[in-house]
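To keep things clear, I will list the structure first and then write my remarks on it.
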Amino acid sequence: MSAMDWWIIITIAFAGSFGHCIGMCGGFIFAYSSTKIDASMSRGEQLIRHGAYNVGRVSSYTMLGMLFGGIGMLLTVSMAAKGTLLIAAGVLMIITAFSMLGVSKLLHLLESSFMNFAVFKTLFSRLIKSKSVKSFFALGMMNGLFPCGFVFFFAAKAASSASIVQGGLIMLVFGLATVPTLLALGQSVNFMREIAFRQTMNRIAAVSIALYGGFSIYKGLAHIISLPM
């Protein structure tokens, strides 16, 4: 991957953190901020707990990236297979962008259906009642595994890398780029709740994802029919 690829990943992740991530992860943060963090806690104690949540979240993303990178590595046995994987990843990226823009409801249905799983409800109920630092880390890990259109984009990118190491790094960088916004949101529940601003940043991220998806499709075709790179 080129330096430009990494900058695109960081930019999309950071822009999306203001729009999509606040909408998706904000519910988790508001829930644990109001039930697991006491007003008597010092700023430092609160920061440690918000930090543990984000470390758990980023850890899940990294493991998912390694998993999808490994899957991509197994599937790319030839240039044609590599090209097919890039095209599939590009299509998923474009679907993700449409979902973030509200054009498609497919990924939204996947996201909302996860909330109805009994296992998820039971685990969330147990973790939300505990005030230990470990419970914040576990809640973050669970949030990281939550199906999300934004995560699907980076998982597709990890798979298209066809590398366990690069796949893990892609998801790690994605997670780290979203930490500042969500950490600030946890410290101040009113942070960046302006709807117009969030919608603008979400659109920027979605359009960027769609363009990157189109480029991924082009690269896939280049592997199959020898288009100029």
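Numbering starts fresh at 1 for the residues of each chain in the structure tokens, the chains themselves are lettered A, B, ... in the order given, and ligands are numbered from 1 as they appear.
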
Tell me, counting only C-alpha atoms, for each residue of range 35-85 of chain A within 9 Å of range 138-141 of chain A, which pair of atoms is nearest and how far apart they are in Å to one decimal, in rows ordered by chain and increasing number, as JSON lines.
{"residue": "A:Ala52", "atom": "CA", "partner": "A:Gly140", "partner_atom": "CA", "distance": 7.5}
{"residue": "A:Tyr53", "atom": "CA", "partner": "A:Gly140", "partner_atom": "CA", "distance": 4.3}
{"residue": "A:Asn54", "atom": "CA", "partner": "A:Gly140", "partner_atom": "CA", "distance": 5.9}
{"residue": "A:Val55", "atom": "CA", "partner": "A:Gly140", "partner_atom": "CA", "distance": 7.1}
{"residue": "A:Gly56", "atom": "CA", "partner": "A:Met141", "partner_atom": "CA", "distance": 4.3}
{"residue": "A:Arg57", "atom": "CA", "partner": "A:Gly140", "partner_atom": "CA", "distance": 4.2}
{"residue": "A:Val58", "atom": "CA", "partner": "A:Met141", "partner_atom": "CA", "distance": 7.5}
{"residue": "A:Ser59", "atom": "CA", "partner": "A:Met141", "partner_atom": "CA", "distance": 6.7}
{"residue": "A:Ser60", "atom": "CA", "partner": "A:Met141", "partner_atom": "CA", "distance": 5.3}
{"residue": "A:Tyr61", "atom": "CA", "partner": "A:Met141", "partner_atom": "CA", "distance": 8.3}

Can I get the selected residues back with N, CA and C atoms, as an mmCIF file, in the first residue's frame?
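As written to disk, result-v7.cif reads:
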data_model
loop_
_atom_site.group_PDB
_atom_site.id
_atom_site.type_symbol
_atom_site.label_atom_id
_atom_site.label_comp_id
_atom_site.auth_asym_id
_atom_site.auth_seq_id
_atom_site.Cartn_x
_atom_site.Cartn_y
_atom_site.Cartn_z
ATOM 1 N N ALA A 52 -10.153 2.929 28.360
ATOM 2 C CA ALA A 52 -10.287 1.468 28.349
ATOM 3 C C ALA A 52 -11.330 1.033 27.326
ATOM 4 N N TYR A 53 -12.424 1.775 27.251
ATOM 5 C CA TYR A 53 -13.468 1.482 26.253
ATOM 6 C C TYR A 53 -12.899 1.573 24.837
ATOM 7 N N ASN A 54 -12.144 2.633 24.561
ATOM 8 C CA ASN A 54 -11.592 2.820 23.226
ATOM 9 C C ASN A 54 -10.496 1.821 22.895
ATOM 10 N N VAL A 55 -9.703 1.424 23.892
ATOM 11 C CA VAL A 55 -8.690 0.388 23.670
ATOM 12 C C VAL A 55 -9.368 -0.927 23.297
ATOM 13 N N GLY A 56 -10.468 -1.250 23.975
ATOM 14 C CA GLY A 56 -11.217 -2.462 23.650
ATOM 15 C C GLY A 56 -11.794 -2.411 22.250
ATOM 16 N N ARG A 57 -12.322 -1.254 21.889
ATOM 17 C CA ARG A 57 -12.917 -1.079 20.560
ATOM 18 C C ARG A 57 -11.870 -1.231 19.457
ATOM 19 N N VAL A 58 -10.734 -0.567 19.635
ATOM 20 C CA VAL A 58 -9.665 -0.629 18.633
ATOM 21 C C VAL A 58 -9.072 -2.034 18.564
ATOM 22 N N SER A 59 -9.012 -2.730 19.706
ATOM 23 C CA SER A 59 -8.495 -4.107 19.719
ATOM 24 C C SER A 59 -9.371 -5.020 18.866
ATOM 25 N N SER A 60 -10.682 -4.859 18.974
ATOM 26 C CA SER A 60 -11.596 -5.664 18.149
ATOM 27 C C SER A 60 -11.404 -5.362 16.672
ATOM 28 N N TYR A 61 -11.268 -4.074 16.346
ATOM 29 C CA TYR A 61 -11.063 -3.700 14.949
ATOM 30 C C TYR A 61 -9.784 -4.332 14.394
#

Range 124-136 of chain A surroundings by only C-alpha atoms, 8 Å radius, close-in-sequence under 5 positions cut, as a list in words: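 Returned residues: Ala31, Tyr32, Thr35, Lys36, Ile37, Ile48, Arg49, His50, Ala52, Tyr53 and Gly56 of chain A.
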
Extract, using only C-alpha atoms, all DNA, RNA and protein residues at most 8 Å from Gly167 in chain A, discarding same-chain residues fewer than 2 positions from it, and format them as a list in words. Thr62, Gly65, Met66, Leu67, Phe68, Gly69, Gly70, Ala155, Lys157, Ala158, Ala159, Ser161, Ala162, Ser163, Ile164, Val165, Leu169, Ile170 and Met171 of chain A

Just-selected residues, N, CA and C atoms written as a compact mmCIF listing (two decimals), in the first residue's frame:
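Heads up, here's the output in selection28.txt:
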# COMPACT_ATOMS: atom_id res chain seq x y z
N THR A 62 -8.72 -4.31 15.20
CA THR A 62 -7.44 -4.86 14.75
C THR A 62 -7.55 -6.36 14.49
N GLY A 65 -9.42 -6.91 11.35
CA GLY A 65 -8.58 -6.62 10.21
C GLY A 65 -7.64 -7.77 9.89
N MET A 66 -7.05 -8.37 10.92
CA MET A 66 -6.17 -9.52 10.72
C MET A 66 -6.94 -10.70 10.14
N LEU A 67 -8.17 -10.89 10.63
CA LEU A 67 -9.01 -11.99 10.14
C LEU A 67 -9.34 -11.80 8.66
N PHE A 68 -9.81 -10.59 8.30
CA PHE A 68 -10.18 -10.35 6.91
C PHE A 68 -8.96 -10.30 6.00
N GLY A 69 -7.85 -9.80 6.52
CA GLY A 69 -6.61 -9.82 5.75
C GLY A 69 -6.17 -11.24 5.46
N GLY A 70 -6.33 -12.13 6.47
CA GLY A 70 -6.01 -13.54 6.27
C GLY A 70 -6.92 -14.21 5.27
N ALA A 155 -13.14 -3.25 6.67
CA ALA A 155 -12.95 -4.70 6.60
C ALA A 155 -12.73 -5.13 5.15
N LYS A 157 -11.43 -3.23 2.84
CA LYS A 157 -10.09 -2.78 2.50
C LYS A 157 -9.04 -3.73 3.07
N ALA A 158 -9.27 -4.22 4.30
CA ALA A 158 -8.34 -5.16 4.92
C ALA A 158 -8.27 -6.45 4.11
N ALA A 159 -9.44 -6.93 3.67
CA ALA A 159 -9.48 -8.16 2.87
C ALA A 159 -8.75 -7.97 1.55
N SER A 161 -6.28 -6.18 0.96
CA SER A 161 -4.83 -6.11 1.15
C SER A 161 -4.18 -7.48 1.04
N ALA A 162 -4.99 -8.53 1.27
CA ALA A 162 -4.50 -9.92 1.20
C ALA A 162 -3.29 -10.13 2.10
N SER A 163 -3.32 -9.51 3.28
CA SER A 163 -2.21 -9.63 4.22
C SER A 163 -2.74 -9.53 5.64
N ILE A 164 -2.35 -10.48 6.49
CA ILE A 164 -2.78 -10.45 7.89
C ILE A 164 -2.24 -9.21 8.59
N VAL A 165 -0.96 -8.89 8.33
CA VAL A 165 -0.33 -7.74 8.98
C VAL A 165 -0.94 -6.43 8.49
N LEU A 169 -3.23 -3.68 10.46
CA LEU A 169 -2.80 -2.28 10.52
C LEU A 169 -3.87 -1.34 9.99
N ILE A 170 -4.55 -1.75 8.92
CA ILE A 170 -5.61 -0.92 8.34
C ILE A 170 -6.71 -0.66 9.36
N MET A 171 -7.14 -1.73 10.01
CA MET A 171 -8.21 -1.59 11.01
C MET A 171 -7.71 -0.89 12.27

Can you measure CA of Phe174 in chain A to CA of Thr200 in chain A for me? One decimal in Å is fine. 19.5 Å

Skip Ala80 in chain A itself and residues of its chain fewer than 5 positions away, then list as a PyMOL selection string all residues within 10 Å of it, counting only C-alpha atoms. chain A and resi 85-86+220-225

Please provide the set of residues having any atom within 12 Å of range 89-104 of chain A, restricted to only C-alpha atoms, with same-chain residues fewer than 5 positions apart removed, written as a ChimeraX atom specification. /A:12,16,19-21,23-24,68-69,72,82-84,109-111,147-162,198-221

Quick one: distance from CA of Lys121 in chain A to CA of Phe14 in chain A in Å, one decimal? 29.3 Å

If you run DSSP on the backbone, which residues of chain A are helix (DSSP H, G or I), as an mmCIF file with C-alpha atoms, in the first residue's frame?
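Result went into selection_6.cif, see below:
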data_model
loop_
_atom_site.group_PDB
_atom_site.id
_atom_site.type_symbol
_atom_site.label_atom_id
_atom_site.label_comp_id
_atom_site.auth_asym_id
_atom_site.auth_seq_id
_atom_site.Cartn_x
_atom_site.Cartn_y
_atom_site.Cartn_z
ATOM 1 C CA ALA A 3 1.443 6.481 1.515
ATOM 2 C CA MET A 4 -1.580 7.946 -0.289
ATOM 3 C CA ASP A 5 -3.654 4.883 0.641
ATOM 4 C CA TRP A 6 -2.829 5.370 4.320
ATOM 5 C CA TRP A 7 -3.675 9.082 4.200
ATOM 6 C CA ILE A 8 -7.009 8.273 2.521
ATOM 7 C CA ILE A 9 -7.793 5.711 5.243
ATOM 8 C CA ILE A 10 -6.950 8.194 8.017
ATOM 9 C CA THR A 11 -8.946 11.003 6.376
ATOM 10 C CA ILE A 12 -12.044 8.873 5.793
ATOM 11 C CA ALA A 13 -11.882 7.442 9.321
ATOM 12 C CA PHE A 14 -11.453 10.850 10.956
ATOM 13 C CA ALA A 15 -14.205 12.522 8.898
ATOM 14 C CA GLY A 16 -16.536 9.573 9.457
ATOM 15 C CA SER A 17 -15.925 9.645 13.200
ATOM 16 C CA PHE A 18 -17.755 12.988 13.408
ATOM 17 C CA GLY A 19 -20.723 11.723 11.407
ATOM 18 C CA HIS A 20 -21.243 7.975 11.358
ATOM 19 C CA CYS A 21 -19.335 6.966 14.503
ATOM 20 C CA ILE A 22 -21.074 9.467 16.773
ATOM 21 C CA GLY A 23 -24.396 8.115 15.492
ATOM 22 C CA MET A 24 -23.444 4.424 15.815
ATOM 23 C CA CYS A 25 -21.162 4.392 18.884
ATOM 24 C CA GLY A 26 -22.728 7.408 20.561
ATOM 25 C CA GLY A 27 -25.492 5.230 22.017
ATOM 26 C CA PHE A 28 -22.919 3.035 23.757
ATOM 27 C CA ILE A 29 -21.042 6.061 25.080
ATOM 28 C CA PHE A 30 -24.158 7.836 26.354
ATOM 29 C CA ALA A 31 -25.367 4.603 27.981
ATOM 30 C CA TYR A 32 -22.196 3.866 29.907
ATOM 31 C CA SER A 33 -21.500 7.542 30.677
ATOM 32 C CA SER A 34 -24.864 7.868 32.412
ATOM 33 C CA THR A 35 -24.819 4.514 34.251
ATOM 34 C CA ARG A 43 -11.476 13.672 35.463
ATOM 35 C CA GLY A 44 -8.509 11.307 35.480
ATOM 36 C CA GLU A 45 -10.615 8.331 36.592
ATOM 37 C CA GLN A 46 -13.202 9.093 33.939
ATOM 38 C CA LEU A 47 -10.512 9.418 31.268
ATOM 39 C CA ILE A 48 -9.072 6.021 32.227
ATOM 40 C CA ARG A 49 -12.487 4.407 31.774
ATOM 41 C CA HIS A 50 -13.157 6.131 28.453
ATOM 42 C CA GLY A 51 -9.658 5.113 27.386
ATOM 43 C CA ALA A 52 -10.287 1.468 28.349
ATOM 44 C CA TYR A 53 -13.468 1.482 26.253
ATOM 45 C CA ASN A 54 -11.592 2.820 23.226
ATOM 46 C CA VAL A 55 -8.690 0.388 23.670
ATOM 47 C CA GLY A 56 -11.217 -2.462 23.650
ATOM 48 C CA ARG A 57 -12.917 -1.079 20.560
ATOM 49 C CA VAL A 58 -9.665 -0.629 18.633
ATOM 50 C CA SER A 59 -8.495 -4.107 19.719
ATOM 51 C CA SER A 60 -11.596 -5.664 18.149
ATOM 52 C CA TYR A 61 -11.063 -3.700 14.949
ATOM 53 C CA THR A 62 -7.436 -4.864 14.747
ATOM 54 C CA MET A 63 -8.390 -8.515 15.212
ATOM 55 C CA LEU A 64 -11.105 -8.182 12.562
ATOM 56 C CA GLY A 65 -8.578 -6.619 10.211
ATOM 57 C CA MET A 66 -6.168 -9.519 10.717
ATOM 58 C CA LEU A 67 -9.011 -11.988 10.137
ATOM 59 C CA PHE A 68 -10.184 -10.352 6.910
ATOM 60 C CA GLY A 69 -6.612 -9.823 5.747
ATOM 61 C CA GLY A 70 -6.009 -13.538 6.271
ATOM 62 C CA ILE A 71 -9.176 -14.439 4.372
ATOM 63 C CA GLY A 72 -8.075 -12.178 1.527
ATOM 64 C CA MET A 73 -4.652 -13.836 1.496
ATOM 65 C CA LEU A 74 -6.237 -17.275 1.151
ATOM 66 C CA LEU A 75 -8.467 -16.111 -1.693
ATOM 67 C CA MET A 79 -3.839 -12.215 -10.274
ATOM 68 C CA ALA A 80 -7.381 -12.887 -11.468
ATOM 69 C CA ALA A 81 -8.417 -13.869 -7.941
ATOM 70 C CA LYS A 82 -6.734 -10.735 -6.549
ATOM 71 C CA GLY A 83 -8.616 -8.651 -9.110
ATOM 72 C CA THR A 84 -11.928 -10.309 -8.267
ATOM 73 C CA LEU A 85 -11.380 -9.632 -4.564
ATOM 74 C CA LEU A 86 -10.603 -5.970 -5.254
ATOM 75 C CA ILE A 87 -13.775 -5.654 -7.344
ATOM 76 C CA ALA A 88 -15.879 -7.312 -4.627
ATOM 77 C CA ALA A 89 -14.345 -5.022 -2.008
ATOM 78 C CA GLY A 90 -15.041 -2.003 -4.216
ATOM 79 C CA VAL A 91 -18.687 -2.986 -4.656
ATOM 80 C CA LEU A 92 -19.060 -3.398 -0.868
ATOM 81 C CA MET A 93 -17.457 0.027 -0.367
ATOM 82 C CA ILE A 94 -19.973 1.643 -2.729
ATOM 83 C CA ILE A 95 -22.876 -0.139 -0.984
ATOM 84 C CA THR A 96 -21.488 1.164 2.324
ATOM 85 C CA ALA A 97 -21.365 4.704 0.920
ATOM 86 C CA PHE A 98 -24.982 4.471 -0.282
ATOM 87 C CA SER A 99 -25.982 3.206 3.155
ATOM 88 C CA MET A 100 -24.238 6.119 4.885
ATOM 89 C CA LEU A 106 -29.376 -3.014 3.457
ATOM 90 C CA LEU A 107 -26.558 -2.365 5.920
ATOM 91 C CA HIS A 108 -28.918 -0.553 8.283
ATOM 92 C CA LEU A 109 -31.027 -3.718 8.496
ATOM 93 C CA LEU A 110 -27.912 -5.746 9.358
ATOM 94 C CA GLU A 111 -26.932 -3.236 12.026
ATOM 95 C CA SER A 112 -30.358 -3.081 13.662
ATOM 96 C CA SER A 113 -30.926 -6.860 13.562
ATOM 97 C CA PHE A 114 -27.790 -7.404 15.663
ATOM 98 C CA ALA A 118 -30.361 -12.425 23.007
ATOM 99 C CA VAL A 119 -26.625 -12.964 23.558
ATOM 100 C CA PHE A 120 -25.909 -9.324 22.794
ATOM 101 C CA LYS A 121 -28.670 -8.094 25.110
ATOM 102 C CA THR A 122 -27.539 -10.341 27.979
ATOM 103 C CA LEU A 123 -23.867 -9.405 27.675
ATOM 104 C CA PHE A 124 -24.635 -5.703 27.321
ATOM 105 C CA SER A 125 -26.896 -5.830 30.381
ATOM 106 C CA ARG A 126 -24.137 -7.399 32.496
ATOM 107 C CA LEU A 127 -21.397 -5.046 31.336
ATOM 108 C CA ILE A 128 -23.455 -1.880 31.709
ATOM 109 C CA LYS A 129 -24.062 -2.673 35.407
ATOM 110 C CA VAL A 133 -12.233 -0.735 34.294
ATOM 111 C CA LYS A 134 -12.278 -4.216 32.741
ATOM 112 C CA SER A 135 -15.989 -3.875 32.005
ATOM 113 C CA PHE A 136 -15.301 -0.703 29.983
ATOM 114 C CA PHE A 137 -12.669 -2.568 27.969
ATOM 115 C CA ALA A 138 -15.085 -5.483 27.384
ATOM 116 C CA LEU A 139 -17.875 -3.103 26.368
ATOM 117 C CA GLY A 140 -15.513 -1.485 23.876
ATOM 118 C CA MET A 141 -14.574 -4.889 22.430
ATOM 119 C CA MET A 142 -18.241 -5.752 22.039
ATOM 120 C CA ASN A 143 -18.914 -2.398 20.360
ATOM 121 C CA GLY A 144 -16.008 -3.092 17.988
ATOM 122 C CA GLY A 149 -21.399 0.044 7.520
ATOM 123 C CA PHE A 150 -18.307 2.111 8.273
ATOM 124 C CA VAL A 151 -16.519 -0.974 9.658
ATOM 125 C CA PHE A 152 -17.568 -2.947 6.554
ATOM 126 C CA PHE A 153 -15.649 -0.469 4.386
ATOM 127 C CA PHE A 154 -12.417 -0.936 6.331
ATOM 128 C CA ALA A 155 -12.954 -4.700 6.597
ATOM 129 C CA ALA A 156 -13.288 -4.807 2.799
ATOM 130 C CA LYS A 157 -10.086 -2.776 2.500
ATOM 131 C CA ALA A 158 -8.342 -5.163 4.917
ATOM 132 C CA ALA A 159 -9.476 -8.163 2.868
ATOM 133 C CA SER A 160 -8.303 -6.560 -0.370
ATOM 134 C CA SER A 161 -4.828 -6.106 1.148
ATOM 135 C CA ILE A 164 -2.776 -10.447 7.891
ATOM 136 C CA VAL A 165 -0.327 -7.738 8.977
ATOM 137 C CA GLN A 166 -1.600 -5.038 6.626
ATOM 138 C CA GLY A 167 -5.210 -5.992 7.324
ATOM 139 C CA GLY A 168 -4.615 -5.589 11.058
ATOM 140 C CA LEU A 169 -2.801 -2.279 10.522
ATOM 141 C CA ILE A 170 -5.609 -0.916 8.339
ATOM 142 C CA MET A 171 -8.211 -1.585 11.007
ATOM 143 C CA LEU A 172 -5.847 -0.384 13.758
ATOM 144 C CA VAL A 173 -5.289 2.940 11.966
ATOM 145 C CA PHE A 174 -9.032 3.236 11.359
ATOM 146 C CA GLY A 175 -9.764 2.682 15.040
ATOM 147 C CA LEU A 176 -7.088 5.112 16.236
ATOM 148 C CA ALA A 177 -8.333 7.819 13.856
ATOM 149 C CA THR A 178 -11.808 7.625 15.447
ATOM 150 C CA VAL A 179 -10.557 7.758 19.055
ATOM 151 C CA PRO A 180 -10.167 11.568 19.430
ATOM 152 C CA THR A 181 -13.790 12.263 18.502
ATOM 153 C CA LEU A 182 -15.302 9.469 20.598
ATOM 154 C CA LEU A 183 -12.988 10.174 23.534
ATOM 155 C CA ALA A 184 -14.075 13.813 23.493
ATOM 156 C CA LEU A 185 -17.696 12.707 23.171
ATOM 157 C CA GLY A 186 -17.320 10.556 26.285
ATOM 158 C CA GLN A 187 -15.800 13.445 28.227
ATOM 159 C CA ILE A 195 -26.767 17.617 13.398
ATOM 160 C CA ALA A 196 -25.821 19.757 10.383
ATOM 161 C CA PHE A 197 -22.097 19.373 11.075
ATOM 162 C CA ARG A 198 -22.415 15.624 11.565
ATOM 163 C CA GLN A 199 -24.373 15.230 8.334
ATOM 164 C CA THR A 200 -21.762 17.199 6.391
ATOM 165 C CA MET A 201 -18.873 15.117 7.717
ATOM 166 C CA ASN A 202 -20.846 11.917 7.104
ATOM 167 C CA ARG A 203 -21.428 12.929 3.467
ATOM 168 C CA ILE A 204 -17.734 13.736 2.990
ATOM 169 C CA ALA A 205 -16.780 10.301 4.328
ATOM 170 C CA ALA A 206 -19.466 8.547 2.245
ATOM 171 C CA VAL A 207 -18.459 10.244 -1.011
ATOM 172 C CA SER A 208 -14.798 9.467 -0.301
ATOM 173 C CA ILE A 209 -15.681 5.814 0.301
ATOM 174 C CA ALA A 210 -17.661 5.659 -2.958
ATOM 175 C CA LEU A 211 -14.745 7.149 -4.916
ATOM 176 C CA TYR A 212 -12.286 4.796 -3.237
ATOM 177 C CA GLY A 213 -14.621 1.898 -4.023
ATOM 178 C CA GLY A 214 -14.655 2.904 -7.677
ATOM 179 C CA PHE A 215 -10.856 3.052 -7.679
ATOM 180 C CA SER A 216 -10.717 -0.406 -6.061
ATOM 181 C CA ILE A 217 -12.956 -1.783 -8.816
ATOM 182 C CA TYR A 218 -10.692 -0.220 -11.429
ATOM 183 C CA LYS A 219 -7.601 -1.770 -9.795
ATOM 184 C CA GLY A 220 -9.394 -5.129 -9.762
ATOM 185 C CA LEU A 221 -10.140 -4.860 -13.466
ATOM 186 C CA ALA A 222 -6.509 -3.860 -14.070
ATOM 187 C CA HIS A 223 -5.387 -7.148 -12.506
ATOM 188 C CA ILE A 224 -7.767 -9.149 -14.722
ATOM 189 C CA ILE A 225 -7.594 -7.430 -18.108
#
